[in-house]
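my_file_9.pdb (PDB, C-alpha atoms and all ligand atoms)
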ATOM      1  CA  MET A   1       0.000   0.000   0.000
ATOM      2  CA  LYS A   2       1.602   3.252  -1.150
ATOM      3  CA  CYS A   3       0.795   6.878  -0.377
ATOM      4  CA  LYS A   4      -1.109   8.464  -3.234
ATOM      5  CA  VAL A   5       0.940  11.644  -2.931
ATOM      6  CA  CYS A   6       4.543  10.629  -2.184
ATOM      7  CA  ARG A   7       4.536   6.871  -2.937
ATOM      8  CA  GLY A   8       6.014   6.221   0.539
ATOM      9  CA  PRO A   9       4.530   3.482   2.757
ATOM     10  CA  ALA A  10       0.863   4.225   3.479
ATOM     11  CA  VAL A  11      -0.690   3.963   6.958
ATOM     12  CA  ILE A  12      -4.349   4.288   5.988
ATOM     13  CA  ASP A  13      -6.646   3.594   3.062
ATOM     14  CA  ILE A  14      -9.632   5.822   2.374
ATOM     15  CA  ARG A  15     -11.820   3.746   0.117
ATOM     16  CA  ARG A  16     -14.365   6.438  -0.698
ATOM     17  CA  HIS A  17     -11.566   8.529  -2.189
ATOM     18  CA  ASN A  18      -9.788   5.518  -3.614
ATOM     19  CA  ALA A  19      -6.648   6.731  -1.866
ATOM     20  CA  ASN A  20      -3.972   5.577   0.575
ATOM     21  CA  PHE A  21      -1.844   8.018   2.558
ATOM     22  CA  CYS A  22       1.349   8.047   4.604
ATOM     23  CA  ALA A  23       1.096   9.675   8.047
ATOM     24  CA  ASP A  24       2.114  13.169   6.907
ATOM     25  CA  HIS A  25      -0.129  13.197   3.877
ATOM     26  CA  PHE A  26      -3.036  11.792   5.869
ATOM     27  CA  LEU A  27      -2.712  14.650   8.376
ATOM     28  CA  LYS A  28      -2.607  17.077   5.457
ATOM     29  CA  TYR A  29      -5.693  15.392   3.972
ATOM     30  CA  CYS A  30      -7.540  15.946   7.298
ATOM     31  CA  ARG A  31      -6.546  19.632   7.408
ATOM     32  CA  ASP A  32      -7.572  20.052   3.761
ATOM     33  CA  GLN A  33     -10.975  18.433   4.331
ATOM     34  CA  VAL A  34     -11.697  20.681   7.314
ATOM     35  CA  SER A  35     -10.490  23.746   5.470
ATOM     36  CA  LYS A  36     -12.664  22.842   2.482
ATOM     37  CA  ALA A  37     -15.749  22.401   4.685
ATOM     38  CA  ILE A  38     -15.129  25.735   6.425
ATOM     39  CA  HIS A  39     -14.768  27.611   3.145
ATOM     40  CA  GLU A  40     -17.485  25.822   1.223
ATOM     41  CA  PHE A  41     -20.091  26.504   3.899
ATOM     42  CA  LYS A  42     -18.652  29.833   5.112
ATOM     43  CA  MET A  43     -18.339  28.547   8.661
ATOM     44  CA  ALA A  44     -15.779  30.976  10.067
ATOM     45  CA  THR A  45     -12.858  33.274   9.295
ATOM     46  CA  PRO A  46      -9.461  33.207  11.054
ATOM     47  CA  ASP A  47     -10.096  36.547  12.779
ATOM     48  CA  GLU A  48     -13.176  35.184  14.556
ATOM     49  CA  ARG A  49     -13.296  33.716  18.086
ATOM     50  CA  LEU A  50     -14.640  30.179  18.194
ATOM     51  CA  LEU A  51     -15.919  28.094  21.081
ATOM     52  CA  ILE A  52     -15.559  24.324  20.639
ATOM     53  CA  ALA A  53     -17.812  22.012  22.625
ATOM     54  CA  VAL A  54     -15.342  19.378  23.816
ATOM     55  CA  SER A  55     -16.489  16.021  25.157
ATOM     56  CA  GLY A  56     -13.065  14.378  25.655
ATOM     57  CA  GLY A  57     -13.809  12.053  22.709
ATOM     58  CA  LYS A  58     -11.838  11.776  19.471
ATOM     59  CA  ASP A  59     -13.945  14.098  17.310
ATOM     60  CA  SER A  60     -14.047  17.203  19.440
ATOM     61  CA  LEU A  61     -10.364  16.910  20.401
ATOM     62  CA  ALA A  62      -9.431  16.347  16.750
ATOM     63  CA  ILE A  63     -11.309  19.435  15.608
ATOM     64  CA  TRP A  64      -9.806  21.548  18.387
ATOM     65  CA  ASP A  65      -6.362  20.451  17.235
ATOM     66  CA  LEU A  66      -7.175  20.862  13.526
ATOM     67  CA  LEU A  67      -8.568  24.366  13.962
ATOM     68  CA  GLY A  68      -5.404  25.382  15.816
ATOM     69  CA  GLU A  69      -3.280  23.915  13.020
ATOM     70  CA  LEU A  70      -5.292  25.893  10.486
ATOM     71  CA  GLY A  71      -4.748  29.153  12.393
ATOM     72  CA  TYR A  72      -8.149  29.624  14.032
ATOM     73  CA  GLN A  73      -8.525  30.914  17.586
ATOM     74  CA  ALA A  74     -10.616  28.489  19.571
ATOM     75  CA  ASP A  75     -11.404  28.002  23.254
ATOM     76  CA  GLY A  76     -12.996  24.796  24.552
ATOM     77  CA  LEU A  77     -16.147  24.203  26.565
ATOM     78  CA  TYR A  78     -16.690  21.051  28.608
ATOM     79  CA  VAL A  79     -20.052  20.252  30.194
ATOM     80  CA  GLY A  80     -19.986  17.874  33.181
ATOM     81  CA  LEU A  81     -23.097  15.768  32.646
ATOM     82  CA  GLY A  82     -22.814  13.726  35.849
ATOM     83  CA  ILE A  83     -22.883  10.364  34.060
ATOM     84  CA  GLY A  84     -20.860   8.583  36.762
ATOM     85  CA  GLU A  85     -17.330   7.540  35.984
ATOM     86  CA  TYR A  86     -17.809   8.187  32.268
ATOM     87  CA  SER A  87     -18.157  11.931  32.877
ATOM     88  CA  GLU A  88     -15.246  12.036  35.303
ATOM     89  CA  THR A  89     -12.949  10.391  32.780
ATOM     90  CA  SER A  90     -14.151  12.420  29.819
ATOM     91  CA  GLY A  91     -13.526  15.649  31.756
ATOM     92  CA  ARG A  92      -9.977  14.533  32.500
ATOM     93  CA  TYR A  93      -9.246  13.971  28.795
ATOM     94  CA  ALA A  94     -10.572  17.413  27.882
ATOM     95  CA  ARG A  95      -8.571  19.108  30.676
ATOM     96  CA  ASP A  96      -5.360  17.233  29.860
ATOM     97  CA  PHE A  97      -5.610  18.203  26.202
ATOM     98  CA  ALA A  98      -6.077  21.876  27.084
ATOM     99  CA  ASP A  99      -3.361  21.925  29.774
ATOM    100  CA  LYS A 100      -0.737  20.320  27.548
ATOM    101  CA  ARG A 101      -1.322  22.848  24.804
ATOM    102  CA  ASP A 102      -1.979  25.849  27.024
ATOM    103  CA  LEU A 103      -5.486  26.278  25.630
ATOM    104  CA  LYS A 104      -8.443  27.795  27.468
ATOM    105  CA  LEU A 105     -11.159  25.370  28.569
ATOM    106  CA  LEU A 106     -14.419  26.679  30.049
ATOM    107  CA  GLU A 107     -16.279  24.228  32.263
ATOM    108  CA  ILE A 108     -19.908  23.947  33.321
ATOM    109  CA  ASP A 109     -21.061  21.312  35.780
ATOM    110  CA  LEU A 110     -24.732  20.367  35.692
ATOM    111  CA  ARG A 111     -24.857  19.012  39.251
ATOM    112  CA  SER A 112     -23.050  21.826  41.038
ATOM    113  CA  GLU A 113     -24.389  24.685  38.924
ATOM    114  CA  TYR A 114     -27.906  23.554  38.098
ATOM    115  CA  GLY A 115     -28.647  20.964  40.798
ATOM    116  CA  TYR A 116     -29.119  17.925  38.564
ATOM    117  CA  ASP A 117     -27.335  15.434  36.312
ATOM    118  CA  VAL A 118     -28.326  13.516  33.165
ATOM    119  CA  PRO A 119     -29.433  10.252  34.850
ATOM    120  CA  THR A 120     -31.638  12.225  37.264
ATOM    121  CA  ALA A 121     -33.045  14.401  34.476
ATOM    122  CA  SER A 122     -33.904  11.279  32.541
ATOM    123  CA  ALA A 123     -35.813   9.785  35.466
ATOM    124  CA  ALA A 124     -37.483  13.094  36.392
ATOM    125  CA  THR A 125     -38.649  13.897  32.856
ATOM    126  CA  ARG A 126     -39.348  10.251  31.961
ATOM    127  CA  ARG A 127     -37.418  10.690  28.745
ATOM    128  CA  VAL A 128     -34.570   8.603  27.394
ATOM    129  CA  PRO A 129     -31.266   9.944  28.774
ATOM    130  CA  CYS A 130     -30.035  11.214  25.381
ATOM    131  CA  SER A 131     -33.029  13.499  25.082
ATOM    132  CA  ALA A 132     -32.532  15.314  28.413
ATOM    133  CA  CYS A 133     -28.794  15.269  27.775
ATOM    134  CA  GLY A 134     -29.035  16.762  24.280
ATOM    135  CA  MET A 135     -31.412  19.472  25.390
ATOM    136  CA  SER A 136     -29.211  20.452  28.342
ATOM    137  CA  LYS A 137     -26.078  20.495  26.205
ATOM    138  CA  ARG A 138     -27.632  22.562  23.427
ATOM    139  CA  HIS A 139     -28.870  25.196  25.860
ATOM    140  CA  LEU A 140     -25.562  25.436  27.723
ATOM    141  CA  PHE A 141     -23.503  25.520  24.504
ATOM    142  CA  ASP A 142     -25.633  28.370  23.144
ATOM    143  CA  LYS A 143     -25.531  30.319  26.392
ATOM    144  CA  ALA A 144     -21.763  29.950  26.817
ATOM    145  CA  ALA A 145     -21.136  31.051  23.221
ATOM    146  CA  LEU A 146     -23.390  34.101  23.553
ATOM    147  CA  ASP A 147     -22.213  35.090  27.055
ATOM    148  CA  GLY A 148     -18.575  34.759  26.041
ATOM    149  CA  GLY A 149     -19.086  36.870  22.887
ATOM    150  CA  TYR A 150     -17.870  34.057  20.616
ATOM    151  CA  ASP A 151     -18.571  34.314  16.883
ATOM    152  CA  ALA A 152     -19.541  30.663  16.509
ATOM    153  CA  LEU A 153     -20.036  27.459  18.421
ATOM    154  CA  VAL A 154     -18.209  24.437  16.975
ATOM    155  CA  THR A 155     -19.183  20.808  17.566
ATOM    156  CA  GLY A 156     -17.316  17.654  16.606
ATOM    157  CA  HIS A 157     -20.072  16.009  14.545
ATOM    158  CA  ASN A 158     -18.440  13.966  11.793
ATOM    159  CA  LEU A 159     -19.682  12.459   8.524
ATOM    160  CA  ASP A 160     -20.906   9.254  10.223
ATOM    161  CA  ASP A 161     -22.869  11.264  12.824
ATOM    162  CA  GLU A 162     -24.516  13.496  10.254
ATOM    163  CA  ALA A 163     -25.341  10.669   7.857
ATOM    164  CA  ALA A 164     -26.859   8.608  10.707
ATOM    165  CA  VAL A 165     -28.968  11.510  11.955
ATOM    166  CA  LEU A 166     -30.098  12.234   8.403
ATOM    167  CA  TYR A 167     -31.004   8.586   7.925
ATOM    168  CA  GLY A 168     -33.101   8.592  11.113
ATOM    169  CA  ASN A 169     -34.816  11.852  10.159
ATOM    170  CA  VAL A 170     -35.625  10.574   6.669
ATOM    171  CA  LEU A 171     -36.972   7.254   7.919
ATOM    172  CA  ARG A 172     -39.565   9.171   9.902
ATOM    173  CA  TRP A 173     -39.738  12.210   7.628
ATOM    174  CA  GLN A 174     -39.041  14.533  10.510
ATOM    175  CA  THR A 175     -39.205  17.633   8.381
ATOM    176  CA  ASP A 176     -38.482  20.114  11.208
ATOM    177  CA  TYR A 177     -35.243  18.331  11.930
ATOM    178  CA  LEU A 178     -34.397  17.996   8.248
ATOM    179  CA  ALA A 179     -34.707  21.762   7.909
ATOM    180  CA  ARG A 180     -32.155  22.277  10.652
ATOM    181  CA  GLN A 181     -29.713  19.617   9.535
ATOM    182  CA  ARG A 182     -27.074  21.928   8.114
ATOM    183  CA  PRO A 183     -23.337  22.168   8.603
ATOM    184  CA  VAL A 184     -23.889  25.839   9.478
ATOM    185  CA  LEU A 185     -26.821  27.369  11.289
ATOM    186  CA  PRO A 186     -26.539  31.135  11.103
ATOM    187  CA  GLU A 187     -26.830  33.293  14.207
ATOM    188  CA  ARG A 188     -30.449  34.233  14.752
ATOM    189  CA  ASN A 189     -33.203  34.838  17.292
ATOM    190  CA  GLY A 190     -31.090  34.398  20.395
ATOM    191  CA  PHE A 191     -29.036  31.472  19.025
ATOM    192  CA  PRO A 192     -25.325  31.710  18.172
ATOM    193  CA  ARG A 193     -23.949  30.565  14.821
ATOM    194  CA  LYS A 194     -23.315  26.804  14.981
ATOM    195  CA  VAL A 195     -20.854  25.000  12.765
ATOM    196  CA  LYS A 196     -19.704  21.422  12.132
ATOM    197  CA  PRO A 197     -16.325  21.533  10.393
ATOM    198  CA  LEU A 198     -15.749  17.741  10.569
ATOM    199  CA  ILE A 199     -18.529  16.802   8.147
ATOM    200  CA  ARG A 200     -16.056  15.745   5.462
ATOM    201  CA  LEU A 201     -14.199  13.298   7.748
ATOM    202  CA  SER A 202     -15.426   9.919   8.966
ATOM    203  CA  GLU A 203     -15.225   8.540  12.474
ATOM    204  CA  ARG A 204     -12.408   6.209  11.475
ATOM    205  CA  GLU A 205     -10.468   9.170  10.083
ATOM    206  CA  THR A 206     -10.835  11.350  13.201
ATOM    207  CA  ALA A 207      -9.702   8.379  15.331
ATOM    208  CA  ALA A 208      -6.662   7.838  13.071
ATOM    209  CA  TYR A 209      -5.946  11.583  13.203
ATOM    210  CA  CYS A 210      -5.837  11.496  17.019
ATOM    211  CA  VAL A 211      -3.576   8.458  17.083
ATOM    212  CA  LEU A 212      -1.136   9.997  14.609
ATOM    213  CA  ARG A 213      -1.118  13.341  16.441
ATOM    214  CA  GLY A 214      -0.632  11.696  19.854
ATOM    215  CA  ILE A 215      -3.968  12.937  21.168
ATOM    216  CA  ASP A 216      -5.304  10.852  24.085
ATOM    217  CA  TYR A 217      -9.060  10.592  23.993
ATOM    218  CA  LEU A 218     -11.834   8.704  25.721
ATOM    219  CA  VAL A 219     -12.559   5.639  23.600
ATOM    220  CA  GLU A 220     -15.505   4.399  25.634
ATOM    221  CA  GLU A 221     -18.975   5.382  24.409
ATOM    222  CA  CYS A 222     -21.469   6.979  26.770
ATOM    223  CA  PRO A 223     -22.976   4.179  28.902
ATOM    224  CA  MET A 224     -26.413   5.735  28.567
ATOM    225  CA  ALA A 225     -26.333   5.763  24.773
ATOM    226  CA  ALA A 226     -25.848   1.981  24.477
ATOM    227  CA  GLY A 227     -28.637   0.490  22.417
ATOM    228  CA  ASN A 228     -29.917   3.828  21.106
ATOM    229  CA  LYS A 229     -31.348   4.148  17.606
ATOM    230  CA  HIS A 230     -28.553   6.328  16.389
ATOM    231  CA  LEU A 231     -26.060   3.475  16.780
ATOM    232  CA  ALA A 232     -28.308   1.113  14.821
ATOM    233  CA  PHE A 233     -28.539   3.662  11.976
ATOM    234  CA  LYS A 234     -24.749   3.923  11.946
ATOM    235  CA  GLU A 235     -24.493   0.155  11.612
ATOM    236  CA  SER A 236     -26.893   0.052   8.653
ATOM    237  CA  LEU A 237     -24.975   2.796   6.905
ATOM    238  CA  ASN A 238     -21.686   1.019   7.600
ATOM    239  CA  ALA A 239     -23.048  -2.065   5.863
ATOM    240  CA  ALA A 240     -24.004   0.029   2.826
ATOM    241  CA  GLU A 241     -20.629   1.801   2.862
ATOM    242  CA  GLN A 242     -18.849  -1.533   2.948
ATOM    243  CA  GLN A 243     -20.654  -2.622  -0.212
ATOM    244  CA  SER A 244     -20.290   0.701  -1.924
ATOM    245  CA  PRO A 245     -17.653   3.114  -0.581
ATOM    246  CA  GLY A 246     -18.821   6.719  -0.701
ATOM    247  CA  THR A 247     -22.454   5.941   0.109
ATOM    248  CA  LYS A 248     -22.491   7.970   3.340
ATOM    249  CA  HIS A 249     -20.796  10.932   1.736
ATOM    250  CA  ASP A 250     -23.187  10.912  -1.231
ATOM    251  CA  PHE A 251     -26.230  10.454   0.980
ATOM    252  CA  TYR A 252     -25.365  13.436   3.168
ATOM    253  CA  PHE A 253     -23.873  15.806   0.594
ATOM    254  CA  SER A 254     -26.556  15.113  -2.006
ATOM    255  CA  PHE A 255     -29.142  15.922   0.651
ATOM    256  CA  LEU A 256     -27.417  19.257   1.294
ATOM    257  CA  ARG A 257     -27.171  20.011  -2.422
ATOM    258  CA  LYS A 258     -30.530  18.762  -3.633
ATOM    259  CA  ALA A 259     -33.007  18.634  -0.761
ATOM    260  CA  ALA A 260     -32.085  20.598   2.361
ATOM    261  CA  ASP A 261     -33.544  23.861   1.024
ATOM    262  CA  LYS A 262     -36.951  22.267   0.546
ATOM    263  CA  PHE A 263     -37.630  21.991   4.288
ATOM    264  CA  ILE A 264     -38.797  24.923   6.362
ATOM    265  CA  ASP A 265     -37.409  25.451   9.838
ATOM    266  CA  PRO A 266     -40.109  26.403  12.348
ATOM    267  CA  GLU A 267     -37.400  27.898  14.580
ATOM    268  CA  ALA A 268     -36.655  30.411  11.840
ATOM    269  CA  GLU A 269     -39.721  32.291  13.090
ATOM    270  CA  PRO A 270     -38.773  34.421  16.107
ATOM    271  CA  LEU A 271     -39.675  32.571  19.320
ATOM    272  CA  GLY A 272     -40.748  34.122  22.611
ATOM    273  CA  VAL A 273     -38.326  34.552  25.488
ATOM    274  CA  CYS A 274     -38.038  32.312  28.555
ATOM    275  CA  GLU A 275     -39.329  34.136  31.656
ATOM    276  CA  ARG A 276     -36.572  32.700  33.799
ATOM    277  CA  CYS A 277     -33.383  32.724  31.738
ATOM    278  CA  GLY A 278     -34.123  34.855  28.681
ATOM    279  CA  ALA A 279     -33.335  32.079  26.174
ATOM    280  CA  PRO A 280     -35.597  31.581  23.125
ATOM    281  CA  ALA A 281     -38.721  29.702  24.198
ATOM    282  CA  GLY A 282     -41.936  28.449  22.640
ATOM    283  CA  SER A 283     -43.778  28.822  25.971
ATOM    284  CA  GLU A 284     -43.277  30.635  29.315
ATOM    285  CA  LEU A 285     -40.243  28.563  30.203
ATOM    286  CA  CYS A 286     -37.631  27.251  27.770
ATOM    287  CA  SER A 287     -37.125  23.497  27.655
ATOM    288  CA  PHE A 288     -33.911  23.767  29.691
ATOM    289  CA  CYS A 289     -35.591  25.631  32.556
ATOM    290  CA  ARG A 290     -38.368  23.033  32.502
ATOM    291  CA  ILE A 291     -35.782  20.265  32.922
ATOM    292  CA  VAL A 292     -34.056  22.196  35.725
ATOM    293  CA  GLU A 293     -37.388  22.655  37.492
ATOM    294  CA  LYS A 294     -38.237  18.960  37.377
ATOM    295  CA  ALA A 295     -34.798  17.426  37.848
ATOM    296  CA  SER A 296     -33.297  19.684  40.511
ATOM    297  CA  ASN A 297     -36.148  18.783  42.869
ATOM    298  CA  HIS A 298     -35.757  15.078  42.180
ATOM    299  CA  GLU A 299     -33.737  12.749  44.361
ATOM    300  CA  PRO A 300     -30.410  11.951  42.571
ATOM    301  CA  VAL A 301     -30.668   8.811  40.428
ATOM    302  CA  PRO A 302     -27.554   6.696  39.706
ATOM    303  CA  VAL A 303     -26.602   5.756  36.122
ATOM    304  CA  GLU A 304     -27.212   2.015  36.646
ATOM    305  CA  LEU A 305     -30.829   2.529  37.626
ATOM    306  CA  VAL A 306     -31.675   4.522  34.499
ATOM    307  CA  ASN A 307     -29.837   2.030  32.306
ATOM    308  CA  ARG A 308     -31.849  -0.882  33.649
ATOM    309  CA  LYS A 309     -35.046   0.952  32.877
ATOM    310  CA  TYR A 310     -34.254   1.677  29.229
ATOM    311  CA  ARG A 311     -32.912  -1.718  28.142
TER     312      ARG A 311
HETATM  313  P1  LIG B 401     -22.700  13.593  20.851
HETATM  314  O1  LIG B 401     -24.003  14.281  20.962
HETATM  315  O2  LIG B 401     -22.252  12.926  22.126
HETATM  316  O3  LIG B 401     -22.531  12.755  19.628
HETATM  317  O4  LIG B 401     -21.637  14.756  20.684
HETATM  318  C1  LIG B 401     -21.658  15.621  19.593
HETATM  319  C2  LIG B 401     -20.751  16.799  19.871
HETATM  320  O5  LIG B 401     -21.247  17.513  21.012
HETATM  321  C3  LIG B 401     -19.328  16.419  20.243
HETATM  322  O6  LIG B 401     -18.541  16.232  19.108
HETATM  323  C4  LIG B 401     -18.896  17.619  21.030
HETATM  324  O7  LIG B 401     -18.579  18.691  20.169
HETATM  325  C5  LIG B 401     -20.154  18.001  21.788
HETATM  326  N1  LIG B 401     -20.233  17.397  23.144
HETATM  327  C6  LIG B 401     -20.738  16.195  23.485
HETATM  328  N2  LIG B 401     -20.674  15.998  24.823
HETATM  329  C7  LIG B 401     -20.121  17.122  25.347
HETATM  330  C8  LIG B 401     -19.791  17.550  26.673
HETATM  331  N3  LIG B 401     -20.020  16.796  27.745
HETATM  332  N4  LIG B 401     -19.239  18.778  26.832
HETATM  333  C9  LIG B 401     -19.002  19.557  25.760
HETATM  334  N5  LIG B 401     -19.288  19.193  24.498
HETATM  335  C10 LIG B 401     -19.830  18.009  24.280
HETATM  336 FE1  LIG B 402     -25.717  12.350  26.582
HETATM  337 FE2  LIG B 402     -24.813   9.983  26.858
HETATM  338  S1  LIG B 402     -23.696  11.779  26.366
HETATM  339  S2  LIG B 402     -26.799  10.595  27.179
HETATM  340 ZN    ZN B 403       2.862  10.566   1.506
HETATM  341 ZN    ZN B 404     -35.050  29.238  30.375
END

For the structure just supplied, provide its representation as structure tokens.
Amino acid sequence: MKCKVCRGPAVIDIRRHNANFCADHFLKYCRDQVSKAIHEFKMATPDERLLIAVSGGKDSLAIWDLLGELGYQADGLYVGLGIGEYSETSGRYARDFADKRDLKLLEIDLRSEYGYDVPTASAATRRVPCSACGMSKRHLFDKAALDGGYDALVTGHNLDDEAAVLYGNVLRWQTDYLARQRPVLPERNGFPRKVKPLIRLSERETAAYCVLRGIDYLVEECPMAAGNKHLAFKESLNAAEQQSPGTKHDFYFSFLRKAADKFIDPEAEPLGVCERCGAPAGSELCSFCRIVEKASNHEPVPVELVNRKYR
């Protein structure tokens, strides 16, 4: 296996591009893909301040590193979700990454700052953990980006994530979600600009990037996400990709090119304002403040108990 660029020994094959790369040219490929996504979708400019939501996993640490390599100024934001040992370890990976590179990491802890954690919110709201978790994260990401005066909020969603979410949304024709499934959501109505610069790289590629760059990341998946639908969609798409390399890329990018504009986002209409926190809200309280109200009054629930309930 030879590198497509220099003909030296290759360390990775990228079947959808029909290419093999040596370590140096693979790292360049990753930078080029991120740069291309940023320019193509007008995600950010180098003079802007970015806030990256960092989970301690491979994707968010890879994009933090890649943006630095490409000359962007980016701080990190870690949210402590209180998912037992998983959260403690993930926080350590995020902190270590920032400390070693002298980068700024903001931290928010759900339990100490808002009086609840994800397992408890799941029990209190009677929703699957990922739903309370996603809602809490989205609210806190938006708030931190706006309060800190950042130009955009960056997340580490990669090609596999976006293709799997698209697949799930199409299977149920969730048109509201389809309208919002963009690599860039512009700043509007109390929301910051949100960007996903990893959409041109797959999960396998961000993992290889971290290994080659010496980035330590949390390999373990969230214990509360085990068995969720998202993972099943990823598996189906992996089977299709195996048969026909490039399927995921075509599925997602053809959607953006040919279909995304056809869906109308209900959130594009200005929403009201939450009475308690001032965030955009469809009713008196925003969904985050509703979770806080229910979960902070609930007795703390350990991870294991919630997991038993949803399996
Ligand atoms: P997930 O929803 O777990 O697939 O994560 C998607 C993206 O959300 C990650 O790539 C990160 O950018 C961000 N993220 C997830 N969990 C956290 C966390 N605990 N703190 C900060 N950012 C996170
Ligand atoms: Fe949110 Fe697992 S990270 S439920
Ligand atoms: Zn090479
Ligand atoms: Zn609120």

Please evaluate the PyMOL selection byres (((chain A and resi 33-39) around 8) and not hetatm) against the structure above and give the resulting residues as a PyMOL selection string.
-> chain A and resi 29-32+40-44+66+70+197-201

Run the PyMOL selection byres (((not hetatm)) within 8 of (chain B and resi 402)) against the file shown and list the residues it catches, as an mmCIF file with C-alpha atoms, in the coordinates of the input.
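Below is the file that was written, out.cif:
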data_model
loop_
_atom_site.group_PDB
_atom_site.id
_atom_site.type_symbol
_atom_site.label_atom_id
_atom_site.label_comp_id
_atom_site.auth_asym_id
_atom_site.auth_seq_id
_atom_site.Cartn_x
_atom_site.Cartn_y
_atom_site.Cartn_z
ATOM 1 C CA LEU A 81 -23.097 15.768 32.646
ATOM 2 C CA ILE A 83 -22.883 10.364 34.060
ATOM 3 C CA VAL A 118 -28.326 13.516 33.165
ATOM 4 C CA PRO A 129 -31.266 9.944 28.774
ATOM 5 C CA CYS A 130 -30.035 11.214 25.381
ATOM 6 C CA SER A 131 -33.029 13.499 25.082
ATOM 7 C CA ALA A 132 -32.532 15.314 28.413
ATOM 8 C CA CYS A 133 -28.794 15.269 27.775
ATOM 9 C CA GLY A 134 -29.035 16.762 24.280
ATOM 10 C CA GLU A 221 -18.975 5.382 24.409
ATOM 11 C CA CYS A 222 -21.469 6.979 26.770
ATOM 12 C CA PRO A 223 -22.976 4.179 28.902
ATOM 13 C CA MET A 224 -26.413 5.735 28.567
ATOM 14 C CA ALA A 225 -26.333 5.763 24.773
#

Counting all atoms listed in the file, name the residues that have an atom within 7 Å of an atom of ligand ZN 403 (chain B); the answer should be given as an NGL selection string.
-> :A and (3-8 or 10 or 21-25)

Counting only C-alpha atoms and all ligand atoms, the option among A:Ala163, A:Ile52, A:Ala279, A:Leu231 closest to ligand LIG 401 (chain B) |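 Ranking A:Ala163, A:Ile52, A:Ala279, A:Leu231 by distance to ligand LIG 401 (chain B), first place goes to A:Ile52.
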
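When the PyMOL selection byres (((chain A and resi 230) around 10) and not hetatm) is run on the displayed coordinates, the residues it returns are Asp161, Ala164, Val165, Tyr167, Gly168, Ala225, Ala226, Gly227, Asn228, Lys229, Leu231, Ala232, Phe233, Lys234 and Glu235 of chain A.
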